[in-house]
file start.txt (compact mmCIF, N, CA and C atoms)
# COMPACT_ATOMS: atom_id res chain seq x y z
N MET A 1 -18.25 82.01 15.54
CA MET A 1 -18.60 81.72 14.16
C MET A 1 -17.45 82.15 13.26
N GLN A 2 -17.09 81.29 12.34
CA GLN A 2 -16.02 81.61 11.40
C GLN A 2 -16.57 82.39 10.21
N PRO A 3 -15.73 83.26 9.61
CA PRO A 3 -16.17 84.01 8.43
C PRO A 3 -16.48 83.04 7.28
N MET A 4 -17.41 83.43 6.42
CA MET A 4 -17.76 82.61 5.26
C MET A 4 -17.32 83.32 3.99
N LEU A 5 -16.97 82.55 2.99
CA LEU A 5 -16.60 83.07 1.68
C LEU A 5 -17.74 82.79 0.70
N ARG A 6 -18.23 83.81 0.06
CA ARG A 6 -19.29 83.65 -0.95
C ARG A 6 -18.64 83.43 -2.29
N LYS A 7 -18.94 82.31 -2.91
CA LYS A 7 -18.39 82.01 -4.22
C LYS A 7 -19.34 82.45 -5.33
N GLU A 8 -20.64 82.17 -5.15
CA GLU A 8 -21.66 82.54 -6.13
C GLU A 8 -22.97 82.85 -5.41
N ILE A 9 -23.78 83.69 -6.05
CA ILE A 9 -25.14 83.94 -5.58
C ILE A 9 -26.07 83.64 -6.75
N TRP A 10 -27.06 82.81 -6.51
CA TRP A 10 -28.06 82.49 -7.51
C TRP A 10 -29.45 82.81 -6.97
N ARG A 11 -30.31 83.31 -7.84
CA ARG A 11 -31.69 83.58 -7.47
C ARG A 11 -32.58 82.79 -8.43
N TYR A 12 -33.67 82.26 -7.91
CA TYR A 12 -34.63 81.49 -8.69
C TYR A 12 -35.98 82.19 -8.58
N PRO A 13 -36.26 83.17 -9.50
CA PRO A 13 -37.49 83.95 -9.39
C PRO A 13 -38.76 83.08 -9.44
N VAL A 14 -38.72 82.01 -10.24
CA VAL A 14 -39.86 81.11 -10.36
C VAL A 14 -39.44 79.76 -9.78
N LYS A 15 -40.16 79.29 -8.77
CA LYS A 15 -39.81 78.05 -8.09
C LYS A 15 -39.68 76.91 -9.10
N SER A 16 -38.58 76.19 -9.03
CA SER A 16 -38.27 75.02 -9.86
C SER A 16 -37.87 75.35 -11.29
N MET A 17 -37.80 76.62 -11.67
CA MET A 17 -37.29 76.96 -13.00
C MET A 17 -35.82 77.34 -12.89
N ALA A 18 -35.19 77.51 -14.04
CA ALA A 18 -33.77 77.83 -14.06
C ALA A 18 -33.48 79.12 -13.29
N GLY A 19 -32.35 79.17 -12.65
CA GLY A 19 -31.96 80.32 -11.86
C GLY A 19 -31.13 81.31 -12.65
N GLN A 20 -30.75 82.39 -11.98
CA GLN A 20 -29.92 83.42 -12.60
C GLN A 20 -28.81 83.81 -11.63
N PRO A 21 -27.57 83.85 -12.13
CA PRO A 21 -26.47 84.27 -11.27
C PRO A 21 -26.57 85.76 -10.99
N MET A 22 -26.11 86.18 -9.82
CA MET A 22 -26.18 87.59 -9.44
C MET A 22 -24.83 88.04 -8.90
N GLU A 23 -24.47 89.26 -9.20
CA GLU A 23 -23.24 89.85 -8.66
C GLU A 23 -23.45 90.29 -7.21
N THR A 24 -24.64 90.85 -6.94
CA THR A 24 -25.00 91.29 -5.60
C THR A 24 -26.45 90.91 -5.35
N ALA A 25 -26.85 90.88 -4.10
CA ALA A 25 -28.24 90.54 -3.76
C ALA A 25 -28.65 91.27 -2.50
N GLU A 26 -29.92 91.63 -2.46
CA GLU A 26 -30.49 92.19 -1.23
C GLU A 26 -30.97 91.02 -0.39
N ILE A 27 -30.49 90.93 0.84
CA ILE A 27 -30.89 89.85 1.73
C ILE A 27 -31.90 90.41 2.74
N THR A 28 -33.07 89.79 2.77
CA THR A 28 -34.11 90.21 3.71
C THR A 28 -34.29 89.13 4.77
N GLU A 29 -35.21 89.33 5.67
CA GLU A 29 -35.46 88.31 6.70
C GLU A 29 -36.01 87.03 6.08
N HIS A 30 -36.49 87.10 4.82
CA HIS A 30 -37.04 85.93 4.14
C HIS A 30 -36.05 85.32 3.15
N GLY A 31 -34.86 85.89 3.05
CA GLY A 31 -33.85 85.36 2.12
C GLY A 31 -33.52 86.38 1.04
N ILE A 32 -33.11 85.91 -0.12
CA ILE A 32 -32.73 86.79 -1.24
C ILE A 32 -34.00 87.41 -1.83
N ALA A 33 -34.01 88.72 -1.96
CA ALA A 33 -35.17 89.43 -2.53
C ALA A 33 -35.43 88.93 -3.94
N GLY A 34 -36.69 88.60 -4.23
CA GLY A 34 -37.08 88.15 -5.57
C GLY A 34 -36.89 86.66 -5.80
N ASP A 35 -36.47 85.92 -4.77
CA ASP A 35 -36.25 84.48 -4.93
C ASP A 35 -37.55 83.72 -4.70
N ARG A 36 -37.91 82.88 -5.66
CA ARG A 36 -39.08 82.00 -5.58
C ARG A 36 -40.38 82.77 -5.27
N ILE A 37 -40.57 83.87 -5.98
CA ILE A 37 -41.76 84.68 -5.74
C ILE A 37 -42.95 84.21 -6.57
N ILE A 38 -42.70 83.31 -7.53
CA ILE A 38 -43.77 82.78 -8.39
C ILE A 38 -43.69 81.26 -8.36
N GLN A 39 -44.84 80.61 -8.36
CA GLN A 39 -44.90 79.15 -8.41
C GLN A 39 -45.69 78.73 -9.64
N VAL A 40 -45.28 77.62 -10.26
CA VAL A 40 -46.01 77.07 -11.40
C VAL A 40 -46.94 75.99 -10.85
N ARG A 41 -48.22 76.11 -11.18
CA ARG A 41 -49.22 75.14 -10.69
C ARG A 41 -49.95 74.50 -11.87
N ASN A 42 -50.41 73.28 -11.65
CA ASN A 42 -51.19 72.61 -12.68
C ASN A 42 -52.66 73.02 -12.55
N ALA A 43 -53.53 72.44 -13.38
CA ALA A 43 -54.95 72.81 -13.38
C ALA A 43 -55.63 72.51 -12.05
N ALA A 44 -55.11 71.53 -11.32
CA ALA A 44 -55.68 71.18 -10.02
C ALA A 44 -55.15 72.06 -8.89
N GLY A 45 -54.21 72.96 -9.21
CA GLY A 45 -53.67 73.86 -8.21
C GLY A 45 -52.43 73.34 -7.49
N ARG A 46 -51.94 72.16 -7.89
CA ARG A 46 -50.75 71.61 -7.25
C ARG A 46 -49.49 72.25 -7.84
N ILE A 47 -48.52 72.56 -6.98
CA ILE A 47 -47.26 73.16 -7.42
C ILE A 47 -46.46 72.13 -8.20
N LEU A 48 -45.98 72.52 -9.41
CA LEU A 48 -45.15 71.63 -10.21
C LEU A 48 -43.70 71.75 -9.75
N SER A 49 -43.02 70.65 -9.69
CA SER A 49 -41.64 70.62 -9.24
C SER A 49 -40.76 70.04 -10.35
N ALA A 50 -39.53 70.52 -10.45
CA ALA A 50 -38.58 69.99 -11.44
C ALA A 50 -38.23 68.54 -11.14
N ARG A 51 -38.44 68.10 -9.92
CA ARG A 51 -38.18 66.69 -9.60
C ARG A 51 -39.09 65.77 -10.39
N THR A 52 -40.34 66.17 -10.53
CA THR A 52 -41.30 65.32 -11.23
C THR A 52 -41.59 65.80 -12.65
N ARG A 53 -41.33 67.07 -12.94
CA ARG A 53 -41.56 67.65 -14.27
C ARG A 53 -40.33 68.43 -14.69
N PRO A 54 -39.25 67.75 -15.11
CA PRO A 54 -37.99 68.45 -15.44
C PRO A 54 -38.12 69.51 -16.54
N GLU A 55 -39.17 69.44 -17.35
CA GLU A 55 -39.33 70.42 -18.42
C GLU A 55 -39.57 71.84 -17.89
N VAL A 56 -39.95 71.99 -16.62
CA VAL A 56 -40.14 73.34 -16.10
C VAL A 56 -38.81 74.08 -15.94
N LEU A 57 -37.68 73.37 -16.07
CA LEU A 57 -36.38 74.03 -15.98
C LEU A 57 -35.98 74.74 -17.27
N ARG A 58 -36.69 74.47 -18.36
CA ARG A 58 -36.31 75.07 -19.66
C ARG A 58 -36.44 76.59 -19.69
N PRO A 59 -37.58 77.17 -19.32
CA PRO A 59 -37.68 78.64 -19.33
C PRO A 59 -36.79 79.24 -18.24
N GLN A 60 -36.34 80.47 -18.46
CA GLN A 60 -35.53 81.15 -17.46
C GLN A 60 -36.21 82.44 -17.05
N GLY A 61 -36.28 82.66 -15.74
CA GLY A 61 -36.84 83.89 -15.22
C GLY A 61 -35.84 85.03 -15.35
N SER A 62 -36.32 86.24 -15.29
CA SER A 62 -35.44 87.39 -15.38
C SER A 62 -36.01 88.52 -14.53
N ALA A 63 -35.12 89.22 -13.87
CA ALA A 63 -35.53 90.40 -13.09
C ALA A 63 -35.38 91.66 -13.93
N ASP A 64 -34.85 91.53 -15.15
CA ASP A 64 -34.67 92.70 -16.01
C ASP A 64 -36.03 93.23 -16.44
N ARG A 65 -36.16 94.54 -16.39
CA ARG A 65 -37.43 95.15 -16.80
C ARG A 65 -37.17 96.12 -17.91
N LYS A 66 -36.84 95.60 -19.08
CA LYS A 66 -36.58 96.44 -20.25
C LYS A 66 -37.88 96.71 -20.96
N ARG A 67 -38.23 97.97 -21.08
CA ARG A 67 -39.49 98.34 -21.76
C ARG A 67 -39.22 99.38 -22.78

call {"tool": "encode", "arguments": {"input": "start.txt", "output": "structure tokens"}}
result
Amino acid sequence: MQPMLRKEIWRYPVKSMAGQPMETAEITEHGIAGDRIIQVRNAAGRILSARTRPEVLRPQGSADRKR
């Protein structure tokens, strides 16, 4: 296996919403920690996707916990 060069790391806390660039990331057996941990669903319980509802890309998720 050849070495890989990482150019950017992005995390998407909410599936199909805008992502956030990261300087470092914790990689678990499931991928980047905090990636796609929340899904947006409609009233019928179906997951909304940016492919069919591009407006879900407007809000941005954040891992910052400023209180």

call {"tool": "atom_distance", "arguments": {"input": "start.txt", "atom1": "atom N of Ser16 in chain A", "atom2": "CA of Arg46 in chain A"}}
result
13.1 Å

call {"tool": "residues_around", "arguments": {"input": "start.txt", "residues": "Ile37 in chain A", "least_positions_apart": "6", "cutoff": "10 Å", "atoms": "only C-alpha atoms", "output": "list of chain:residue names"}}
result
A:Tyr12, A:Pro13, A:Val14, A:Lys15

call {"tool": "closest_residue", "arguments": {"input": "start.txt", "among": "A:Thr52, A:Ala43, A:Ile9, A:Arg36", "to": "Thr24 in chain A", "atoms": "only N, CA and C atoms"}}
result
A:Ile9

call {"tool": "atom_distance", "arguments": {"input": "start.txt", "atom1": "CA of Ala44 in chain A", "atom2": "CA of Met17 in chain A"}}
result
19.5 Å

call {"tool": "axis_aligned_box", "arguments": {"input": "start.txt", "around": "range 22-35 of chain A", "padding_each_side": "3 Å", "output": "AutoDock Vina command-line options"}}
result
--center_x -30.4 --center_y 88.0 --center_z -1.6 --size_x 20.3 --size_y 14.5 --size_z 22.5

call {"tool": "closest_residue", "arguments": {"input": "start.txt", "among": "A:Gln39, A:Ala50, A:Gly45, A:Arg11", "to": "Glu26 in chain A", "atoms": "only C-alpha atoms"}}
result
A:Arg11

call {"tool": "closest_residue", "arguments": {"input": "start.txt", "among": "A:Ala18, A:Ile27, A:Val56, A:Met1", "to": "Val40 in chain A", "atoms": "only C-alpha atoms"}}
result
A:Val56

call {"tool": "select_by_dssp", "arguments": {"input": "start.txt", "residues": "chain A", "states": "strand (DSSP E or B)", "output": "MDAnalysis selection string"}}
result
chainID A and resid 9:11 14 18 20:22 27:28 31:32 38 41 47 60

call {"tool": "atom_distance", "arguments": {"input": "start.txt", "atom1": "CA of Gln20 in chain A", "atom2": "atom N of Ile47 in chain A"}}
result
22.3 Å

call {"tool": "select_by_dssp", "arguments": {"input": "start.txt", "residues": "chain A", "states": "helix (DSSP H, G or I)", "output": "ChimeraX atom specification"}}
result
/A:54-57

call {"tool": "closest_residue", "arguments": {"input": "start.txt", "among": "A:Arg6, A:Arg41, A:Ile32, A:Pro59", "to": "Gly19 in chain A", "atoms": "all atoms listed in the file"}}
result
A:Pro59
